[in-house]
Amino acid sequence: SKFKTEYKSIQKEHADVSYYKRDDISLIISKGLSQTCMEQPRNPIEFFANWLIEYNKVQKKAKEQQSEEAEVAKLRDKFQDNLKRKENEEQQLQKEFEQKQDENDQFWTRLEASEDPYDNLGELAEYLHKNIGSTGVYVGQLEAPFKEITDDADEEAHLDKTRPEIIKFQYANADHKDLMVGTDLQPSQGITHQVFSEEFTNFNETVTEEKVALFKHLFVPEVVRTSDVHYWKVPKLGSYMAIPLVYNSCLSVDSFKASVVDYNDYIKKVKKQEDDIKVHNEQQEAMKTEKAAAGETYVPVPLEVEPVQLPPIHTEMKKFVVCMDTMGQDRQFSEDEMHFALEAVFRYKKYWEHFEQEKLIADRDALISEKEADTEYFNEEKVTGIREKEEALVEARINPQPKEEGEDGQAPEKADSKKDQPEPPEEEKDQSVAIENRNRDVMQIKLQ
């Protein structure tokens, strides 16, 4: 037992020995001693000491270099991570931009496919709301206030034109429908009515971008700093802008009638001009022939005429206003946001005018084509034959033939004109009625 204890104590290594056997001590001392033996200096202790000092410098420098390389690698990885994150953010922003651009294109595509741009004013409000980050967008029309009507009143009897016009808000973005749709703004409420005044020239002088300043609009940078703004609820920090959407409308009965009359006059003037040119050219050719027969040379002189211009379409002005605000956001509209809104309203206005003009022209051309077809119908042989029979029948009734004597020398019995007169065939009767109806319609807009 005692022997085993002594044996274990021998087997257990002393702490100093374990410390000496560390790689950064024993191995280095061994290398230093080995180098000293190889060099065999005169002063081995000094050589060995200097070698240890130099070795320590080299090792320290190596550790510093490793530390620097590790730091560089760390910075490189961080840079790569930031670069990758930035690329992902840019890709996401590009994706969102393309998605928004696609949604914006879809809005204009739907507008072009619409049967009436008036029905898309709500989409215009939502379109602006999403693109400029406004709190609300609401669209109103300037018109006369309503009044009570009777059963026999005309189509405009419900409008009280004796009172000042008001703005009736009819469309808004989804968040503001309950608040704004169905509300009226009186001329005495706020400053929005100023955008319809011909004297109104208060363009936004706070912006520096020239394009924004060119569009007529009303802008209040901070609504709480003025008492001229009308509030529908509690005032909140933000800005307000009103853009007039005033366009020339031609979808009315008066515009349509005037368009047809103007077009017919235009066709007549063109035909007359063509006839005048034809007569003039014939006269010039005759003069040339006459001079040539006399051995003289004559150069025909063309007739100078101004091209006939189709009169512009008759229109009436319709007035809307597109209002928007950032109340509750405590910020102003940026110049880019204002420019976007102004451009969108201007583009909507131009398309609305184009849409109505195209529709009016299509309806006018369709009516004229129909009347031209009716004119051709009256020139057909079967109609001419029916007319000849009708004229002969009228002539027979106006100038009856002399009475003939009977076989017994007496005049024949008088026939009942209604009873004994042969009835025309049903087909001819129907065609006669059709002719009368068509003739009455064509006379309303006579084509020559």
# chains A, B, ... in the order shown; residues from 1 in each chain; ligands from 1
>>> residues_around(residues="region 116-132 of chain A", least_positions_apart="5", cutoff="8 Å", atoms="only C-alpha atoms", output="MDAnalysis selection string")
chainID A and resid 104 107 111 137:139 171:174 322 333 337:338 340:341 344 352
>>> residues_around(residues="Glu306 (chain A)", least_positions_apart="3", cutoff="10 Å", atoms="only C-alpha atoms", output="list in words")
Gln273, Leu303 and Gln309 of chain A
>>> residues_around(residues="Gln284 (chain A)", least_positions_apart="6", cutoff="9 Å", atoms="only C-alpha atoms", output="count of residues only")
5
>>> closest_residue(among="A:Tyr20, A:Met327, A:Tyr263, A:Glu198", to="Lys233 (chain A)", atoms="only C-alpha atoms")
A:Met327
>>> closest_residue(among="A:Asp330, A:Glu165, A:Glu274, A:Glu115", to="Glu222 (chain A)", atoms="only C-alpha atoms")
A:Asp330
>>> closest_atom_pairs(of="region 274-365 of chain A", to="region 235-242 of chain A", cutoff="6 Å", atoms="only C-alpha atoms", output="Markdown table")
| residue | atom | partner | partner_atom | distance |
| --- | --- | --- | --- | --- |
| A:Val322 | CA | A:Ala242 | CA | 5.7 |
| A:Cys323 | CA | A:Ala242 | CA | 4.4 |
| A:Met324 | CA | A:Met241 | CA | 5.5 |
| A:Asp325 | CA | A:Tyr240 | CA | 4.3 |
| A:Thr326 | CA | A:Gly238 | CA | 4.8 |
| A:Met327 | CA | A:Gly238 | CA | 4.1 |
| A:Gly328 | CA | A:Lys236 | CA | 5.1 |
| A:Gln329 | CA | A:Gly238 | CA | 5.9 |
| A:Asp330 | CA | A:Gly238 | CA | 4.5 |
| A:Arg331 | CA | A:Gly238 | CA | 5.1 |
| A:Gln332 | CA | A:Ser239 | CA | 5.1 |
>>> write_last_selection(atoms="N, CA and C atoms", output="PDB file, in the first residue's frame")
ATOM      1  N   VAL A 322     -60.191  69.028 -57.657  1.00  0.00           N
ATOM      2  CA  VAL A 322     -59.575  67.883 -56.979  1.00  0.00           C
ATOM      3  C   VAL A 322     -58.813  68.423 -55.770  1.00  0.00           C
ATOM      4  N   CYS A 323     -59.266  68.064 -54.581  1.00  0.00           N
ATOM      5  CA  CYS A 323     -58.673  68.563 -53.334  1.00  0.00           C
ATOM      6  C   CYS A 323     -57.909  67.445 -52.634  1.00  0.00           C
ATOM      7  N   MET A 324     -56.826  67.809 -51.953  1.00  0.00           N
ATOM      8  CA  MET A 324     -56.021  66.819 -51.230  1.00  0.00           C
ATOM      9  C   MET A 324     -55.330  67.496 -50.052  1.00  0.00           C
ATOM     10  N   ASP A 325     -55.037  66.719 -49.025  1.00  0.00           N
ATOM     11  CA  ASP A 325     -54.395  67.292 -47.847  1.00  0.00           C
ATOM     12  C   ASP A 325     -53.505  66.251 -47.179  1.00  0.00           C
ATOM     13  N   THR A 326     -52.628  66.751 -46.293  1.00  0.00           N
ATOM     14  CA  THR A 326     -51.770  65.884 -45.467  1.00  0.00           C
ATOM     15  C   THR A 326     -52.057  66.124 -43.992  1.00  0.00           C
ATOM     16  N   MET A 327     -53.256  66.539 -43.682  1.00  0.00           N
ATOM     17  CA  MET A 327     -53.591  66.858 -42.289  1.00  0.00           C
ATOM     18  C   MET A 327     -53.468  65.618 -41.412  1.00  0.00           C
ATOM     19  N   GLY A 328     -52.783  65.798 -40.286  1.00  0.00           N
ATOM     20  CA  GLY A 328     -52.496  64.691 -39.389  1.00  0.00           C
ATOM     21  C   GLY A 328     -51.105  64.124 -39.581  1.00  0.00           C
ATOM     22  N   GLN A 329     -50.436  64.473 -40.697  1.00  0.00           N
ATOM     23  CA  GLN A 329     -49.077  63.992 -40.963  1.00  0.00           C
ATOM     24  C   GLN A 329     -48.014  65.019 -40.578  1.00  0.00           C
ATOM     25  N   ASP A 330     -48.435  66.263 -40.325  1.00  0.00           N
ATOM     26  CA  ASP A 330     -47.508  67.332 -39.949  1.00  0.00           C
ATOM     27  C   ASP A 330     -46.380  67.469 -40.967  1.00  0.00           C
ATOM     28  N   ARG A 331     -46.760  67.546 -42.247  1.00  0.00           N
ATOM     29  CA  ARG A 331     -45.769  67.731 -43.304  1.00  0.00           C
ATOM     30  C   ARG A 331     -46.426  68.432 -44.483  1.00  0.00           C
ATOM     31  N   GLN A 332     -45.592  69.003 -45.348  1.00  0.00           N
ATOM     32  CA  GLN A 332     -46.074  69.620 -46.570  1.00  0.00           C
ATOM     33  C   GLN A 332     -45.940  68.643 -47.732  1.00  0.00           C
TER      34      GLN A 332
END
>>> closest_residue(among="A:Lys268, A:His339, A:Glu358, A:Phe169", to="Val181 (chain A)", atoms="only C-alpha atoms")
A:Phe169
>>> atom_distance(atom1="CA of Asp228 (chain A)", atom2="CA of Ile191 (chain A)")
6.0 Å
>>> closest_atom_pairs(of="region 96-200 of chain A", to="region 72-91 of chain A", cutoff="12 Å", atoms="only C-alpha atoms", output="JSON lines")
{"residue": "A:Glu96", "atom": "CA", "partner": "A:Gln91", "partner_atom": "CA", "distance": 8.5}
{"residue": "A:Phe97", "atom": "CA", "partner": "A:Gln91", "partner_atom": "CA", "distance": 9.6}
{"residue": "A:Glu98", "atom": "CA", "partner": "A:Gln91", "partner_atom": "CA", "distance": 10.3}
{"residue": "A:Gln99", "atom": "CA", "partner": "A:Gln91", "partner_atom": "CA", "distance": 12.0}
>>> select_by_dssp(residues="region 297-372 of chain A", states="strand (DSSP E or B)", output="PyMOL selection string")
chain A and resi 316-325
>>> atom_distance(atom1="CA of Pro164 (chain A)", atom2="CA of Val229 (chain A)")
19.5 Å
>>> select_by_dssp(residues="region 90-246 of chain A", states="alpha helix (DSSP H)", output="ChimeraX atom specification")
/A:90-113,121-132,177-180,210-214
>>> residues_around(residues="Lys359 (chain A)", least_positions_apart="5", cutoff="9 Å", atoms="only C-alpha atoms", output="VMD selection string")
chain A and resid 251 354 364
>>> write_last_selection(atoms="N, CA and C atoms", output="compact mmCIF listing (two decimals), in the first residue's frame")
# COMPACT_ATOMS: atom_id res chain seq x y z
N LEU A 251 -70.69 66.69 -74.98
CA LEU A 251 -71.73 65.65 -75.02
C LEU A 251 -73.05 66.23 -74.55
N HIS A 354 -60.78 64.71 -75.09
CA HIS A 354 -60.56 63.86 -76.26
C HIS A 354 -61.64 62.79 -76.36
N ARG A 364 -71.98 61.64 -84.74
CA ARG A 364 -72.32 62.49 -85.89
C ARG A 364 -72.14 61.73 -87.20
>>> residues_around(residues="Tyr266 (chain A)", least_positions_apart="2", cutoff="12 Å", atoms="only C-alpha atoms", output="mmCIF file with C-alpha atoms, in the first residue's frame")
data_model
loop_
_atom_site.group_PDB
_atom_site.id
_atom_site.type_symbol
_atom_site.label_atom_id
_atom_site.label_comp_id
_atom_site.auth_asym_id
_atom_site.auth_seq_id
_atom_site.Cartn_x
_atom_site.Cartn_y
_atom_site.Cartn_z
ATOM 1 C CA ALA A 258 -74.517 72.167 -84.039
ATOM 2 C CA SER A 259 -71.884 69.616 -85.028
ATOM 3 C CA VAL A 260 -74.188 68.034 -87.617
ATOM 4 C CA VAL A 261 -75.173 71.414 -89.054
ATOM 5 C CA ASP A 262 -71.548 72.598 -89.177
ATOM 6 C CA TYR A 263 -70.449 69.391 -90.870
ATOM 7 C CA ASN A 264 -73.188 69.663 -93.509
ATOM 8 C CA LYS A 268 -71.496 72.029 -99.010
ATOM 9 C CA LYS A 269 -68.641 74.540 -98.998
ATOM 10 C CA VAL A 270 -66.125 71.874 -100.014
ATOM 11 C CA LYS A 271 -68.359 70.735 -102.870
ATOM 12 C CA LYS A 272 -68.945 74.313 -104.012
ATOM 13 C CA GLN A 273 -65.229 74.995 -103.914
ATOM 14 C CA PRO A 307 -58.933 75.471 -97.841
ATOM 15 C CA VAL A 308 -62.303 75.060 -96.201
ATOM 16 C CA GLN A 309 -61.922 74.485 -92.477
ATOM 17 C CA LEU A 310 -64.322 72.444 -90.393
ATOM 18 C CA PRO A 311 -65.601 74.684 -87.569
ATOM 19 C CA PRO A 312 -64.521 73.714 -84.044
ATOM 20 C CA LEU A 447 -78.036 66.404 -97.079
ATOM 21 C CA GLN A 448 -77.262 67.974 -100.392
#
>>> atom_distance(atom1="CA of His217 (chain A)", atom2="CA of Lys318 (chain A)")
16.8 Å
